[in-house]
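Q: The structure that follows is given in the form of structure tokens.
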Amino acid sequence: YATTHEADLVVIGSGPGGYVAAIKAAQLGMKTISVEKDPTLGGTCLNVGCIPSKALLHNSHLYHMAKHDFKHRGIEVGNVSFNFDAMMKYKVNSVKALTGGIAMLFQKNKLACDAMMKYKVNSVKALTGGIAMLFQKNKVQLVRGVGSIVAPNKVEVKGDKGVETINTKNILIATGSEVTPFPGVTFDEKQIITSTGALSLPSVPKKMLVIGAGVIGLELGSVYQRLGAEVVAVEFLESIGGVGIDGEVSKTLQKILVKEGMKFKLGTKVMGVRKEGSGVKVDVEAAKGGNKETLDCDVVLISIGRRPYQDAEQIYKVDIIYAIGDCIHGPMLAHKAEDEGIVCVEGIKGMPVHFNYDAIPSVIYTSPEVGWVGKSEEDLKKEGRAYKVGKFPFLANSRAKTNGEPDGFVKVLADKATDVILGTHIIGPGGGELINEAVLAQEYGAAAEDVARVCHAHPTCAEALREANLAAYFGKPINF
Ligand code: FAD
Ligand code: NAI
């Protein structure tokens, strides 16, 4: 049977961009409908991205600590081992708790449709989580199925219940991204895998080859390396970490990961990937031409980037009005998608909009974590901008040293004449948390002196950020 809905805003896609936009729009008084084709809410980030990868990163890190680090701290735990199935189950439960939450939030706002109620019955467990609760709380209606825009004010959703039509004043596209395919390679998600396969392997491979030492390659490569796999990352560029990472940070990270056991083949391009016998063979060649060789592995993870969701093209039958997140330009990051979602619906409501694309943080959740915001030294050199550098090593930070996590540093880049902060780069304990203070400073146009003069709690790793700002503005830190 056909159902027709009326809405002020239809948001196609319930990833971090779409679900946050839907909730914000409902909070601003719009009758909002979220359309999602997948059985669970939360998009790439919650289902096969940020959340499951962080569950595996955190737990493999704890295992690694228990096995290799606890003893010298005076903690005796005997023979440490891990149960891979249980680790994967923990990951599944982390995801469930959050994806269910979105639906509950939609429901809370008392506009739940039939599909929503069915969802509730079918996945009671999932509903105990976050997104579902948020939808409920904020009165966001959910319509399940593949959405397509058939007219400037009309969305059709093809789902289990047939076609539902939504007449709407506004449409927001938040359809996300998908893995960039590798020419000539078919993913079986068992031996030739994307990040999605890497999040659900049945066992730890003996030898894993990672193609692309960007964010996914480094994060998921470290998970399996910590769990005992021999991991080799093949990277086209001469540096690791992907776009935007500061060169000095990249080199430091590589050194630390090599010390942990990960291997890198930089300046190397992959020519072909084929299954042979029970394993996989990967033909590689020096990026500048020349040396060719064939590498063997049990599993190859291909992580050479993502691209806007291609099937989405079929929904663009009319001029797009609003679009956010991975499906448009800019860094493919959950927090960028979320913030664009909020700004977009505020704009629809006629409110003033502001989004500073120079103040979007990037984090690589390796150990130690890497976090940065703003310009790298390479960027500033390219721009010919006069800048000064303030650096502070975690080795000289009392908390990091006491915690036995002295690797890494904070580097602050500030304008030579005005002292205004242009970029902050952290590699070290809690780098992914610490970077948020630097983002706040940069968003408010702070000078290095401003941060250096703010009282910071002692003993904390954040004091290293303050000292790096002191070094940038005054030329000398206190503790180094
Ligand atoms: P998505 O999350 O991709 O959501 C799009 C949604 O739209 C999907 O649910 C899809 O089913 C739905 N959809 C598409 N077309 C239609 C249609 N026609 N009708 C109905 N529904 C449709 N980012 C970070 O910031 N931090 C991290 O730690 C991080 N880790 C990651 C780890 C991995 C392994 C991966 C792959 C990505 C990671 N990311 C991370 C990136 C992050 O997941 C994305 O930037 C983010 O999910 C983008 O959000 P989005 O809302 O634009 O799109
Ligand atoms: P990426 O862009 O970070 O890294 C891809 C790497 O592959 C680059 O270093 C590139 O030079 C290399 N490469 C490309 N083609 C190659 C080839 N043929 N041979 C060898 N190397 C090759 O992309 P990645 O890691 O796939 O991640 C995709 C997206 O997901 C990123 O945009 C990232 O923002 C997001 N993501 C974010 C995370 C986070 O915020 N912590 C975690 C995981 C993913």
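Please note that chains go A, B, ... in the order of the structure tokens, that every chain numbers its residues from 1, and that ligands are numbered from 1 in the order shown.
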Step by step, measure atom-to-atom distances between ligand 2 and each residue using only C-alpha atoms and all ligand atoms, keep those at most 7 Å, then write them as a PDB file with C-alpha atoms, in the first residue's frame.
A:
```
ATOM      1  CA  GLY A  49      33.712   2.921  10.626  1.00  0.00           C
ATOM      2  CA  CYS A  50      34.659   5.024  13.637  1.00  0.00           C
ATOM      3  CA  ILE A 211      47.726  -1.250   0.584  1.00  0.00           C
ATOM      4  CA  GLY A 212      47.718   2.450   1.497  1.00  0.00           C
ATOM      5  CA  ALA A 213      49.324   3.643   4.739  1.00  0.00           C
ATOM      6  CA  GLY A 214      46.652   6.298   5.314  1.00  0.00           C
ATOM      7  CA  VAL A 215      44.319   6.498   8.282  1.00  0.00           C
ATOM      8  CA  ILE A 216      42.561   3.157   7.801  1.00  0.00           C
ATOM      9  CA  GLY A 217      45.762   1.289   6.930  1.00  0.00           C
ATOM     10  CA  GLU A 219      44.603   2.058  12.445  1.00  0.00           C
ATOM     11  CA  VAL A 234      52.639  -0.633   1.022  1.00  0.00           C
ATOM     12  CA  GLU A 235      52.312   3.089   0.364  1.00  0.00           C
ATOM     13  CA  PHE A 236      52.589   5.002  -2.885  1.00  0.00           C
ATOM     14  CA  LEU A 237      53.917   8.155  -1.208  1.00  0.00           C
ATOM     15  CA  ILE A 240      52.575   7.647   5.985  1.00  0.00           C
ATOM     16  CA  GLY A 241      49.378   9.073   7.479  1.00  0.00           C
ATOM     17  CA  GLY A 242      47.573  10.371   4.392  1.00  0.00           C
ATOM     18  CA  VAL A 243      46.708  13.932   3.472  1.00  0.00           C
ATOM     19  CA  THR A 268      55.793   1.683  -3.825  1.00  0.00           C
ATOM     20  CA  LYS A 269      52.804   1.207  -6.076  1.00  0.00           C
ATOM     21  CA  VAL A 270      50.651  -1.859  -6.285  1.00  0.00           C
ATOM     22  CA  SER A 303      42.650   1.139   2.028  1.00  0.00           C
ATOM     23  CA  ILE A 304      43.411   3.674  -0.680  1.00  0.00           C
ATOM     24  CA  GLY A 305      40.635   6.133   0.127  1.00  0.00           C
ATOM     25  CA  ARG A 306      36.877   6.550  -0.094  1.00  0.00           C
ATOM     26  CA  PRO A 331      37.625  15.796   4.662  1.00  0.00           C
ATOM     27  CA  MET A 332      35.616  12.596   5.039  1.00  0.00           C
ATOM     28  CA  LEU A 333      35.214  12.803   8.800  1.00  0.00           C
ATOM     29  CA  SER A 362      42.097  15.098  12.269  1.00  0.00           C
ATOM     30  CA  VAL A 363      42.981  12.174  14.498  1.00  0.00           C
ATOM     31  CA  ILE A 364      44.729   8.877  13.786  1.00  0.00           C
ATOM     32  CA  TYR A 365      43.882   6.495  16.616  1.00  0.00           C
TER      33      TYR A 365
END
```
Q: All residues within 6 Å of ligand 1 are required, counting only C-alpha atoms and all ligand atoms; please report them as a PyMOL selection string.
A: chain A and resi 12-18+35-38+42-45+48-50+53+145-148+174-177+195+216+312+325-327+332-335+337
Q: Quick one: DSSP alpha helix (DSSP H) residues in stretch 136-298 of chain A, as a PyMOL selection string?
A: chain A and resi 136-137+195-198+215-226+247-260
Q: At a cut-off of 12 Å, using only C-alpha atoms, what residues contact A:Asn356? Leave out same-chain residues fewer than 4 positions from it and give the result as a list in words.
A: Gly330, Lys336, Asp339, Glu340, Val343, Ile360, Pro361, Val373, Gly374, Val439, Leu440, Gln442, Glu443, Tyr444 and Gly445 of chain A
Q: Can you write just those residues out, N, CA and C atoms, as a PDB file, in the first residue's frame?
A:
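Generated file (out30.pdb):
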```pdb
ATOM      1  N   GLY A 330      35.622  18.083   0.844  1.00  0.00           N
ATOM      2  CA  GLY A 330      36.156  18.266   2.198  1.00  0.00           C
ATOM      3  C   GLY A 330      36.548  16.952   2.825  1.00  0.00           C
ATOM      4  N   LYS A 336      33.019  16.434  10.801  1.00  0.00           N
ATOM      5  CA  LYS A 336      32.796  17.438   9.744  1.00  0.00           C
ATOM      6  C   LYS A 336      31.367  17.279   9.218  1.00  0.00           C
ATOM      7  N   ASP A 339      28.848  18.652  11.870  1.00  0.00           N
ATOM      8  CA  ASP A 339      28.812  20.112  11.967  1.00  0.00           C
ATOM      9  C   ASP A 339      28.172  20.735  10.731  1.00  0.00           C
ATOM     10  N   GLU A 340      28.448  20.145   9.564  1.00  0.00           N
ATOM     11  CA  GLU A 340      27.782  20.647   8.356  1.00  0.00           C
ATOM     12  C   GLU A 340      26.274  20.443   8.475  1.00  0.00           C
ATOM     13  N   VAL A 343      24.885  23.270  10.763  1.00  0.00           N
ATOM     14  CA  VAL A 343      24.933  24.564  10.087  1.00  0.00           C
ATOM     15  C   VAL A 343      23.887  24.611   8.966  1.00  0.00           C
ATOM     16  N   ILE A 360      39.044  22.069  11.467  1.00  0.00           N
ATOM     17  CA  ILE A 360      38.493  20.706  11.599  1.00  0.00           C
ATOM     18  C   ILE A 360      39.640  19.793  12.034  1.00  0.00           C
ATOM     19  N   PRO A 361      39.513  19.166  13.204  1.00  0.00           N
ATOM     20  CA  PRO A 361      40.621  18.319  13.658  1.00  0.00           C
ATOM     21  C   PRO A 361      40.681  16.982  12.916  1.00  0.00           C
ATOM     22  N   VAL A 373      45.360  20.061  13.766  1.00  0.00           N
ATOM     23  CA  VAL A 373      44.373  21.001  13.257  1.00  0.00           C
ATOM     24  C   VAL A 373      45.140  22.124  12.581  1.00  0.00           C
ATOM     25  N   GLY A 374      44.579  22.625  11.486  1.00  0.00           N
ATOM     26  CA  GLY A 374      45.197  23.757  10.791  1.00  0.00           C
ATOM     27  C   GLY A 374      46.333  23.326   9.893  1.00  0.00           C
ATOM     28  N   VAL A 439      41.903  23.057  18.836  1.00  0.00           N
ATOM     29  CA  VAL A 439      40.839  23.439  17.889  1.00  0.00           C
ATOM     30  C   VAL A 439      40.082  24.647  18.443  1.00  0.00           C
ATOM     31  N   LEU A 440      39.784  24.588  19.739  1.00  0.00           N
ATOM     32  CA  LEU A 440      39.066  25.701  20.380  1.00  0.00           C
ATOM     33  C   LEU A 440      39.885  26.988  20.238  1.00  0.00           C
ATOM     34  N   GLN A 442      42.186  27.697  18.019  1.00  0.00           N
ATOM     35  CA  GLN A 442      42.259  28.155  16.631  1.00  0.00           C
ATOM     36  C   GLN A 442      40.921  28.748  16.175  1.00  0.00           C
ATOM     37  N   GLU A 443      39.825  28.128  16.602  1.00  0.00           N
ATOM     38  CA  GLU A 443      38.488  28.618  16.225  1.00  0.00           C
ATOM     39  C   GLU A 443      38.267  30.048  16.739  1.00  0.00           C
ATOM     40  N   TYR A 444      38.813  30.334  17.925  1.00  0.00           N
ATOM     41  CA  TYR A 444      38.652  31.673  18.498  1.00  0.00           C
ATOM     42  C   TYR A 444      39.783  32.621  18.103  1.00  0.00           C
ATOM     43  N   GLY A 445      40.604  32.194  17.138  1.00  0.00           N
ATOM     44  CA  GLY A 445      41.670  33.062  16.632  1.00  0.00           C
ATOM     45  C   GLY A 445      42.717  33.387  17.686  1.00  0.00           C
TER      46      GLY A 445
END
```
Q: For the strand (DSSP E) assignment from backbone DSSP, which residues of stretch 345-419 of chain A qualify? Please present them as an MDAnalysis selection string.
A: chainID A and resid 362:364 369:374 387:393 409:415
Q: How would the residues just picked look written out with C-alpha atoms as a PDB file, in the first residue's frame?
A:
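This is the output file selection-v3.pdb:
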```pdb
ATOM      1  CA  SER A 362      42.097  15.098  12.269  1.00  0.00           C
ATOM      2  CA  VAL A 363      42.981  12.174  14.498  1.00  0.00           C
ATOM      3  CA  ILE A 364      44.729   8.877  13.786  1.00  0.00           C
ATOM      4  CA  GLU A 369      47.515   8.929  18.939  1.00  0.00           C
ATOM      5  CA  VAL A 370      48.106  11.615  16.361  1.00  0.00           C
ATOM      6  CA  GLY A 371      45.969  14.739  16.287  1.00  0.00           C
ATOM      7  CA  TRP A 372      46.245  17.900  14.268  1.00  0.00           C
ATOM      8  CA  VAL A 373      44.373  21.001  13.257  1.00  0.00           C
ATOM      9  CA  GLY A 374      45.197  23.757  10.791  1.00  0.00           C
ATOM     10  CA  TYR A 387      55.884  31.303  10.868  1.00  0.00           C
ATOM     11  CA  LYS A 388      57.479  30.307  14.130  1.00  0.00           C
ATOM     12  CA  VAL A 389      57.554  26.879  15.755  1.00  0.00           C
ATOM     13  CA  GLY A 390      57.014  25.961  19.406  1.00  0.00           C
ATOM     14  CA  LYS A 391      57.764  22.339  20.290  1.00  0.00           C
ATOM     15  CA  PHE A 392      57.521  20.417  23.503  1.00  0.00           C
ATOM     16  CA  PRO A 393      58.343  16.700  23.942  1.00  0.00           C
ATOM     17  CA  PHE A 409      55.656  15.845  21.054  1.00  0.00           C
ATOM     18  CA  VAL A 410      53.386  18.845  20.565  1.00  0.00           C
ATOM     19  CA  LYS A 411      54.244  21.300  17.816  1.00  0.00           C
ATOM     20  CA  VAL A 412      52.558  24.678  17.519  1.00  0.00           C
ATOM     21  CA  LEU A 413      52.914  26.793  14.386  1.00  0.00           C
ATOM     22  CA  ALA A 414      52.135  30.477  14.820  1.00  0.00           C
ATOM     23  CA  ASP A 415      52.288  33.519  12.562  1.00  0.00           C
TER      24      ASP A 415
END
```
Q: Taking into account only C-alpha atoms, which residue in the set A:Ile245, A:Ala233, A:Met87, A:Ala464 is nearest to A:Leu266?
A: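 Among the listed residues, the smallest separation from A:Leu266 belongs to A:Ala233.
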